[in-house]
$ cat target-v3.txt   # compact mmCIF, C-alpha atoms
# COMPACT_ATOMS: atom_id res chain seq x y z
CA MET A 262 -10.26 19.25 -2.00
CA ASP A 263 -7.80 16.87 -0.34
CA THR A 264 -5.14 15.51 -2.68
CA ILE A 265 -6.10 12.34 -4.55
CA PHE A 266 -3.22 9.92 -5.09
CA LEU A 267 -2.72 7.47 -7.93
CA ASP A 268 -0.36 4.98 -6.27
CA ALA A 269 1.53 6.78 -3.47
CA PRO A 270 2.82 4.68 -0.53
CA ASN A 271 1.02 4.70 2.82
CA LEU A 272 3.58 5.32 5.58
CA GLY A 273 3.00 6.28 9.21
CA GLU A 274 4.04 5.92 12.82
CA LEU A 275 4.48 2.14 12.70
CA GLU A 276 7.03 2.48 9.91
CA LYS A 277 8.91 5.12 11.92
CA GLN A 278 9.03 2.79 14.94
CA TYR A 279 10.45 -0.09 12.92
CA LEU A 280 13.01 2.12 11.17
CA LEU A 281 14.16 3.61 14.47
CA LYS A 282 14.44 0.11 15.93
CA CYS A 283 16.66 -0.85 12.99
CA VAL A 284 18.81 2.29 13.31
CA ASP A 285 19.19 1.76 17.06
CA SER A 286 20.29 -1.82 16.45
CA THR A 287 23.03 -0.55 14.06
CA PHE A 288 22.11 -3.38 11.66
CA VAL A 289 21.24 -1.03 8.81
CA SER A 290 23.07 -2.74 5.94
CA THR A 291 22.79 -6.28 4.60
CA ALA A 292 23.68 -8.24 7.77
CA GLY A 293 21.25 -8.34 10.68
CA PRO A 294 18.03 -9.83 12.05
CA PHE A 295 15.40 -7.88 10.11
CA ILE A 296 16.00 -9.53 6.74
CA PRO A 297 15.53 -13.17 7.88
CA GLU A 298 12.47 -12.16 9.90
CA PHE A 299 10.93 -10.48 6.86
CA GLU A 300 11.74 -13.47 4.64
CA GLU A 301 10.23 -15.95 7.11
CA LYS A 302 7.03 -13.96 7.61
CA PHE A 303 6.68 -13.45 3.88
CA ALA A 304 7.06 -17.15 3.08
CA LYS A 305 4.56 -18.10 5.78
CA TYR A 306 2.00 -15.59 4.50
CA VAL A 307 2.28 -16.69 0.88
CA GLY A 308 2.22 -20.36 1.91
CA ILE A 309 5.56 -21.51 0.57
CA LYS A 310 8.74 -22.97 2.05
CA ARG A 311 11.25 -20.24 1.28
CA ALA A 312 11.54 -16.56 0.46
CA VAL A 313 14.81 -14.92 -0.63
CA SER A 314 14.96 -11.13 -0.45
CA THR A 315 16.58 -9.10 -3.22
CA GLN A 316 17.47 -5.55 -4.14
CA SER A 317 14.44 -5.14 -6.42
CA GLY A 318 11.76 -7.01 -8.33
CA THR A 319 13.91 -6.69 -11.44
CA ALA A 320 16.83 -8.30 -9.61
CA ALA A 321 14.51 -11.09 -8.49
CA ILE A 322 13.53 -11.90 -12.07
CA HIS A 323 17.14 -11.66 -13.28
CA LEU A 324 18.38 -13.96 -10.53
CA SER A 325 15.55 -16.44 -11.15
CA LEU A 326 16.36 -16.68 -14.86
CA SER A 327 20.06 -17.07 -14.06
CA GLU A 328 19.31 -19.78 -11.51
CA LEU A 329 17.37 -21.74 -14.14
CA GLY A 330 20.39 -21.53 -16.43
CA VAL A 331 18.61 -19.45 -19.08
CA GLY A 332 21.14 -17.92 -21.45
CA PRO A 333 22.15 -17.16 -25.04
CA GLY A 334 20.13 -19.06 -27.64
CA ASP A 335 17.25 -19.66 -25.23
CA GLU A 336 13.73 -18.25 -25.49
CA VAL A 337 11.44 -16.98 -22.72
CA ILE A 338 7.72 -16.46 -23.25
CA VAL A 339 6.23 -13.29 -21.75
CA PRO A 340 3.15 -11.13 -22.36
CA VAL A 341 3.63 -8.09 -24.60
CA ILE A 342 1.66 -5.92 -22.12
CA THR A 343 3.66 -5.63 -18.92
CA PHE A 344 6.16 -3.35 -17.22
CA ILE A 345 9.57 -3.34 -18.89
CA ALA A 346 11.15 -4.97 -15.82
CA SER A 347 9.45 -8.25 -16.75
CA VAL A 348 11.41 -8.35 -19.99
CA ASN A 349 14.77 -6.61 -19.54
CA PRO A 350 16.18 -9.46 -17.38
CA ILE A 351 15.55 -11.88 -20.26
CA VAL A 352 17.98 -9.83 -22.32
CA TYR A 353 20.38 -9.47 -19.37
CA VAL A 354 20.98 -13.23 -19.49
CA GLY A 355 21.34 -13.19 -23.28
CA ALA A 356 18.03 -14.91 -24.06
CA THR A 357 15.30 -13.92 -26.51
CA PRO A 358 11.87 -12.70 -25.36
CA VAL A 359 8.94 -14.26 -27.20
CA PHE A 360 5.82 -12.13 -26.83
CA VAL A 361 2.22 -13.31 -26.67
CA ASP A 362 -1.04 -11.41 -26.65
CA ILE A 363 -3.38 -10.97 -23.69
CA ASP A 364 -6.95 -12.02 -23.01
CA ARG A 365 -9.47 -9.18 -23.53
CA SER A 366 -11.19 -9.86 -20.23
CA SER A 367 -8.46 -10.63 -17.68
CA TRP A 368 -5.71 -8.70 -19.50
CA ASN A 369 -3.37 -11.62 -18.84
CA MET A 370 -1.39 -13.82 -21.22
CA ILE A 371 -3.47 -16.30 -23.24
CA PRO A 372 -2.50 -19.91 -22.39
CA GLU A 373 -3.26 -21.16 -25.91
CA GLN A 374 -0.85 -18.61 -27.35
CA VAL A 375 1.79 -19.61 -24.81
CA GLU A 376 1.52 -23.23 -25.94
CA LYS A 377 1.68 -22.18 -29.59
CA ALA A 378 4.86 -20.16 -28.90
CA ILE A 379 6.78 -23.05 -27.33
CA THR A 380 9.77 -24.31 -29.33
CA LYS A 381 12.82 -26.46 -28.59
CA LYS A 382 14.55 -23.25 -27.51
CA THR A 383 11.92 -22.31 -24.89
CA LYS A 384 13.52 -22.39 -21.44
CA ALA A 385 10.99 -20.46 -19.33
CA ILE A 386 7.51 -18.96 -19.20
CA ILE A 387 6.89 -15.74 -17.25
CA PRO A 388 3.20 -15.20 -16.46
CA VAL A 389 2.58 -11.64 -15.25
CA HIS A 390 -0.34 -11.10 -12.89
CA ILE A 391 -1.05 -7.71 -14.41
CA TYR A 392 -2.22 -5.02 -11.98
CA GLY A 393 -2.59 -7.73 -9.32
CA ASN A 394 -5.02 -9.95 -11.27
CA PRO A 395 -3.92 -13.63 -11.28
CA CYS A 396 -3.37 -15.41 -14.59
CA ASP A 397 -5.09 -18.69 -15.48
CA MET A 398 -2.57 -20.68 -13.47
CA ASP A 399 -4.31 -24.04 -13.98
CA ALA A 400 -3.89 -23.84 -17.75
CA LEU A 401 -0.39 -22.38 -17.59
CA THR A 402 0.78 -24.96 -15.03
CA GLU A 403 -0.55 -27.79 -17.20
CA ILE A 404 1.32 -26.42 -20.23
CA SER A 405 4.49 -25.90 -18.20
CA GLU A 406 4.46 -29.46 -16.87
CA ARG A 407 3.47 -31.08 -20.16
CA TYR A 408 6.30 -29.44 -22.10
CA GLY A 409 8.80 -29.48 -19.24
CA VAL A 410 9.26 -25.72 -19.40
CA PRO A 411 9.73 -24.03 -15.99
CA MET A 412 7.53 -21.11 -14.96
CA ILE A 413 8.69 -17.99 -13.15
CA GLU A 414 5.69 -16.05 -11.86
CA ASP A 415 5.97 -12.30 -12.14
CA ALA A 416 3.92 -11.64 -9.00
CA THR A 417 5.45 -8.19 -8.51
CA GLU A 418 2.02 -6.53 -8.52
CA SER A 419 -0.07 -9.27 -6.94
CA LEU A 420 0.83 -9.68 -3.27
CA GLY A 421 -2.31 -10.92 -1.51
CA ALA A 422 -3.97 -12.23 -4.67
CA SER A 423 -5.00 -15.87 -5.10
CA PHE A 424 -6.08 -18.37 -7.74
CA HIS A 425 -8.30 -21.29 -6.73
CA GLY A 426 -7.35 -20.81 -3.09
CA ARG A 427 -3.60 -20.63 -3.69
CA MET A 428 -1.70 -17.39 -3.28
CA THR A 429 0.18 -16.03 -6.26
CA GLY A 430 3.83 -16.77 -5.66
CA THR A 431 3.24 -20.48 -5.05
CA PHE A 432 3.06 -21.69 -8.66
CA GLY A 433 5.94 -22.77 -10.88
CA SER A 434 9.61 -23.06 -10.02
CA MET A 435 9.91 -19.57 -8.58
CA ALA A 436 7.96 -16.35 -8.21
CA CYS A 437 9.09 -12.75 -7.94
CA PHE A 438 7.64 -9.85 -5.94
CA SER A 439 8.42 -6.15 -5.87
CA PHE A 440 8.34 -3.67 -2.98
CA ASN A 441 8.85 -0.51 -5.01
CA GLY A 442 7.29 2.64 -3.55
CA ASN A 443 4.01 2.21 -5.44
CA LYS A 444 3.41 -1.50 -4.79
CA VAL A 445 0.88 -3.10 -2.39
CA ILE A 446 3.51 -2.83 0.35
CA THR A 447 6.83 -1.05 0.04
CA THR A 448 10.34 -1.31 1.42
CA GLY A 449 11.39 1.73 -0.60
CA GLY A 450 12.94 -0.63 -3.13
CA GLY A 451 13.48 -4.33 -2.74
CA GLY A 452 12.04 -7.58 -4.01
CA MET A 453 11.50 -11.20 -3.06
CA ILE A 454 11.79 -14.63 -4.68
CA THR A 455 9.57 -17.43 -3.39
CA THR A 456 10.08 -21.14 -3.99
CA ASN A 457 9.42 -24.59 -2.51
CA ASP A 458 12.86 -25.78 -3.61
CA GLU A 459 15.14 -25.54 -0.56
CA LYS A 460 18.33 -26.24 -2.53
CA LEU A 461 17.47 -23.61 -5.10
CA ALA A 462 16.66 -21.07 -2.36
CA ASP A 463 19.95 -21.73 -0.58
CA HIS A 464 21.89 -21.22 -3.80
CA MET A 465 20.11 -17.96 -4.63
CA LYS A 466 20.70 -16.72 -1.07
CA PHE A 467 24.38 -17.47 -1.70
CA LEU A 468 24.41 -15.69 -5.08
CA VAL A 469 22.79 -12.45 -3.87
CA ASN A 470 25.78 -11.97 -1.54
CA GLN A 471 28.35 -11.93 -4.37
CA ALA A 472 28.57 -15.74 -4.11
CA ARG A 473 30.77 -15.33 -1.06
CA ASP A 474 31.83 -18.43 0.86
CA GLU A 475 31.99 -16.84 4.29
CA SER A 476 33.69 -19.88 5.80
CA LYS A 477 36.74 -18.97 3.72
CA GLY A 478 36.58 -15.21 4.27
CA TYR A 479 36.28 -13.23 1.07
CA TYR A 480 36.28 -16.23 -1.23
CA HIS A 481 33.96 -16.37 -4.25
CA PRO A 482 33.69 -19.75 -6.01
CA GLU A 483 30.98 -18.53 -8.43
CA ILE A 484 29.99 -15.31 -10.15
CA GLY A 485 27.40 -13.75 -7.89
CA PHE A 486 25.38 -10.57 -7.61
CA ASN A 487 25.14 -7.64 -5.23
CA TYR A 488 21.37 -8.14 -4.99
CA ARG A 489 20.93 -8.07 -1.20
CA MET A 490 18.12 -6.27 0.58
CA THR A 491 19.17 -4.01 3.46
CA ASN A 492 17.92 -4.30 7.02
CA LEU A 493 16.53 -0.78 6.76
CA GLU A 494 14.38 -1.93 3.86
CA ALA A 495 13.37 -5.12 5.65
CA SER A 496 12.38 -3.21 8.80
CA LEU A 497 10.13 -1.00 6.69
CA GLY A 498 8.74 -4.13 5.07
CA LEU A 499 7.92 -5.69 8.45
CA ALA A 500 5.91 -2.60 9.41
CA GLN A 501 4.10 -2.55 6.07
CA PHE A 502 3.43 -6.28 6.36
CA GLU A 503 1.46 -5.70 9.58
CA ARG A 504 -0.76 -3.32 7.63
CA LEU A 505 -1.16 -5.55 4.55
CA PRO A 506 -4.69 -6.84 5.43
CA ASP A 507 -5.95 -3.26 5.69
CA PHE A 508 -4.23 -2.24 2.45
CA LEU A 509 -5.79 -5.18 0.56
CA GLN A 510 -9.23 -4.50 2.01
CA LYS A 511 -9.03 -0.88 0.89
CA LYS A 512 -7.86 -1.71 -2.62
CA ARG A 513 -10.63 -4.27 -3.07
CA ARG A 514 -13.18 -1.80 -1.74
CA TYR A 515 -11.96 0.85 -4.19
CA MET A 516 -12.59 -1.49 -7.10
CA GLU A 517 -16.06 -2.26 -5.73
CA ILE A 518 -16.84 1.47 -5.61
CA TYR A 519 -15.65 2.01 -9.17
CA ARG A 520 -17.79 -0.89 -10.34
CA GLU A 521 -20.86 0.18 -8.35
CA ILE A 522 -20.82 3.70 -9.77
CA LEU A 523 -19.62 3.01 -13.32
CA ARG A 524 -21.46 -0.28 -13.89
CA GLY A 525 -23.73 0.00 -16.89
CA ILE A 526 -22.12 3.20 -18.20
CA LYS A 527 -21.75 2.87 -21.96
CA GLY A 528 -18.15 2.46 -23.06
CA ILE A 529 -16.74 1.33 -19.70
CA GLU A 530 -15.15 -2.12 -19.36
CA PHE A 531 -13.39 -3.46 -16.25
CA GLN A 532 -10.54 -5.91 -15.90
CA GLU A 533 -12.13 -9.20 -14.87
CA GLU A 534 -10.99 -11.96 -12.51
CA TYR A 535 -11.09 -15.64 -13.43
CA PRO A 536 -13.67 -17.73 -11.51
CA ASP A 537 -12.51 -18.48 -7.95
CA SER A 538 -9.72 -15.96 -8.37
CA ILE A 539 -9.07 -12.94 -6.13
CA SER A 540 -7.08 -9.97 -7.42
CA SER A 541 -5.10 -7.70 -5.14
CA TRP A 542 -6.32 -4.83 -7.37
CA TRP A 543 -2.95 -3.16 -6.99
CA LEU A 544 -4.28 -0.66 -9.53
CA SER A 545 -7.97 -0.39 -10.34
CA SER A 546 -8.16 0.00 -14.09
CA VAL A 547 -10.76 0.42 -16.82
CA LYS A 548 -11.01 0.37 -20.58
CA ILE A 549 -12.91 3.34 -22.01
CA ASN A 550 -14.48 3.20 -25.46
CA HIS A 551 -15.50 6.77 -26.28
CA PRO A 552 -16.71 7.91 -29.71
CA THR A 553 -14.83 11.23 -29.71
CA LYS A 554 -12.37 11.39 -26.80
CA ASP A 555 -9.13 9.44 -26.67
CA ILE A 556 -7.35 8.50 -23.43
CA PRO A 557 -4.98 11.52 -23.39
CA GLN A 558 -7.99 13.85 -23.65
CA ILE A 559 -9.83 12.01 -20.88
CA GLN A 560 -6.70 12.19 -18.73
CA LYS A 561 -6.40 15.92 -19.37
CA GLU A 562 -9.98 16.59 -18.29
CA LEU A 563 -9.60 14.44 -15.17
CA LYS A 564 -6.34 16.18 -14.29
CA GLU A 565 -8.16 19.52 -14.44
CA LYS A 566 -10.44 18.10 -11.74
CA GLY A 567 -7.44 17.15 -9.58
CA ILE A 568 -7.56 13.47 -10.49
CA PRO A 569 -4.32 11.70 -11.45
CA THR A 570 -4.41 8.74 -13.82
CA ARG A 571 -1.90 6.67 -15.76
CA ARG A 572 -2.09 4.94 -19.09
CA ILE A 573 -1.85 1.18 -19.37
CA PHE A 574 1.65 -0.16 -19.97
CA VAL A 575 2.96 0.42 -23.49
CA PRO A 576 3.27 -2.84 -25.46
CA ILE A 577 6.93 -3.83 -25.13
CA THR A 578 7.39 -4.19 -28.90
CA GLU A 579 6.88 -0.41 -29.23
CA PHE A 580 10.24 0.25 -27.55
CA PRO A 581 13.28 0.52 -29.90
CA PRO A 582 15.28 -2.33 -28.29
CA TYR A 583 12.34 -4.71 -28.68
CA GLU A 584 10.86 -3.78 -32.07
CA LYS A 585 12.79 -6.61 -33.72
CA TYR A 586 11.04 -9.18 -31.53
CA ARG A 587 7.57 -8.31 -32.80
CA LYS A 588 6.21 -11.35 -34.61
CA GLU A 589 2.46 -10.72 -34.52
CA GLU A 590 -0.06 -7.89 -34.29
CA TYR A 591 -1.12 -8.50 -30.64
CA PRO A 592 -4.55 -6.87 -31.23
CA ASN A 593 -5.87 -7.21 -27.66
CA SER A 594 -2.75 -5.67 -26.16
CA TYR A 595 -2.75 -2.70 -28.49
CA GLU A 596 -6.47 -2.12 -27.96
CA LEU A 597 -5.95 -2.14 -24.21
CA TYR A 598 -3.10 0.35 -24.48
CA GLU A 599 -5.18 2.67 -26.65
CA LYS A 600 -8.24 2.56 -24.38
CA GLY A 601 -6.98 1.54 -20.92
CA LEU A 602 -6.56 3.74 -17.86
CA ASN A 603 -5.22 3.18 -14.33
CA LEU A 604 -7.33 4.95 -11.71
CA PRO A 605 -6.39 6.35 -8.27
CA SER A 606 -5.69 3.31 -6.08
CA SER A 607 -3.41 4.53 -3.28
CA THR A 608 -4.52 3.44 0.17
CA LEU A 609 -4.04 7.07 1.24
CA ASN A 610 -7.31 7.87 -0.53
CA SER A 611 -10.64 7.76 1.26
CA GLU A 612 -13.71 5.97 -0.07
CA LYS A 613 -15.35 9.37 -0.63
CA GLN A 614 -12.43 10.41 -2.81
CA VAL A 615 -12.75 7.23 -4.87
CA GLU A 616 -16.47 7.91 -5.26
CA LEU A 617 -15.58 11.41 -6.47
CA VAL A 618 -13.17 9.96 -9.03
CA ALA A 619 -15.82 7.56 -10.35
CA ARG A 620 -18.44 10.31 -10.67
CA SER A 621 -15.90 12.57 -12.37
CA ILE A 622 -15.21 9.84 -14.94
CA MET A 623 -18.97 9.70 -15.60
CA GLU A 624 -19.02 13.46 -16.22
CA VAL A 625 -16.01 13.38 -18.52
CA ILE A 626 -17.14 10.52 -20.77
CA ARG A 627 -20.82 11.46 -21.05
$ encode --input "target-v3.txt" --output "structure tokens"
Amino acid sequence: MDTIFLDAPNLGELEKQYLLKCVDSTFVSTAGPFIPEFEEKFAKYVGIKRAVSTQSGTAAIHLSLSELGVGPGDEVIVPVITFIASVNPIVYVGATPVFVDIDRSSWNMIPEQVEKAITKKTKAIIPVHIYGNPCDMDALTEISERYGVPMIEDATESLGASFHGRMTGTFGSMACFSFNGNKVITTGGGGMITTNDEKLADHMKFLVNQARDESKGYYHPEIGFNYRMTNLEASLGLAQFERLPDFLQKKRRYMEIYREILRGIKGIEFQEEYPDSISSWWLSSVKINHPTKDIPQIQKELKEKGIPTRRIFVPITEFPPYEKYRKEEYPNSYELYEKGLNLPSSTLNSEKQVELVARSIMEVIR
């Protein structure tokens, strides 16, 4: 049987061509033409004025919080189910994360709980489009505007997703994307911040380069960051960007196959999109309610069949540095962690392999 991949990157001849072009140009570091080209194409695709490339998705979130002036004594609202990189930057700037539970259907933060969590100390809201599925951005935008609390979209997993006809990455003050090796497209590492605020974009572009005023040589009027993307990464991103429509089509088809085969099977629940919302389905995922088998046992049996899986993100309040921030029970998040499973979603897989995975799940849980 050919290898089935969970979330491996899809790289080929086009990527080699772009990388060789970058190497031949000698612009392999942080100065050169590939970075601005990638930023411009990215902004145009998302449908926003500006895109600022960064070293990683984590750096993008950190820089965004810093740009908003979030710091000690401030609070930032974030879902308790997410990757740790959504939360660590809150602590980097000295602020306090305030966790909210997720919706049982979409697996995204509940707007009503976000509103309930707002205090005089709240300085930002970070909606996370978990596994590529857009949050209820209408409700969250209304809350953000009514209370005057800026939103930073964590769109790291949702490139190509949309809510009511608008791409993720176009809501709120800023949005952050990731190009880690397992994301929808990869630059090896790297991230991106999108915004419609030209002044804000210019300042962040300045800060990622150690806040260097190049007109005065090596002069630094502010404290900046070494958060620049390299041209090598950007060249890889340009190649991957050409293939993005195919990647998205495949990921959406994989979710269709999983639904077609597993629909109606007792104990299987899928992550659901909001009406008029389109997920990128970065990772196709299910919740499995089985009377005798827990998720580790199901994973073990699937692994024996050559099928890799991954558990849903651990609720952040389970980690020692964040235990003290737990204020509620977060029942939906903990249920999802106990019963949720990420399925093979790499675009290296064939449709037949995805069908095999779905039928293997049927065998294991029956």
$ closest_residue --input "target-v3.txt" --among "A:Glu376, A:Ser611, A:Phe424, A:Glu565" --to "Arg407 of chain A" --atoms "all atoms listed in the file"
A:Glu376
$ atom_distance --input "target-v3.txt" --atom1 "atom CA of Asn487 of chain A" --atom2 "atom CA of Ala321 of chain A"
11.6 Å
$ closest_residue --input "target-v3.txt" --among "A:Glu300, A:Pro536, A:Asn603, A:Gly525" --to "Met398 of chain A" --atoms "only C-alpha atoms"
A:Pro536
$ residues_around --input "target-v3.txt" --residues "segment 287-297 of chain A" --least-positions-apart "2" --cutoff "6 Å" --atoms "all atoms listed in the file" --output "list in words"
Val284, Asp285, Phe299, Glu300, Thr491, Asn492, Leu493, Ala495 and Ser496 of chain A
$ closest_residue --input "target-v3.txt" --among "A:Ser607, A:Thr402, A:Gln614, A:Ser327" --to "Val352 of chain A" --atoms "all atoms listed in the file"
A:Ser327
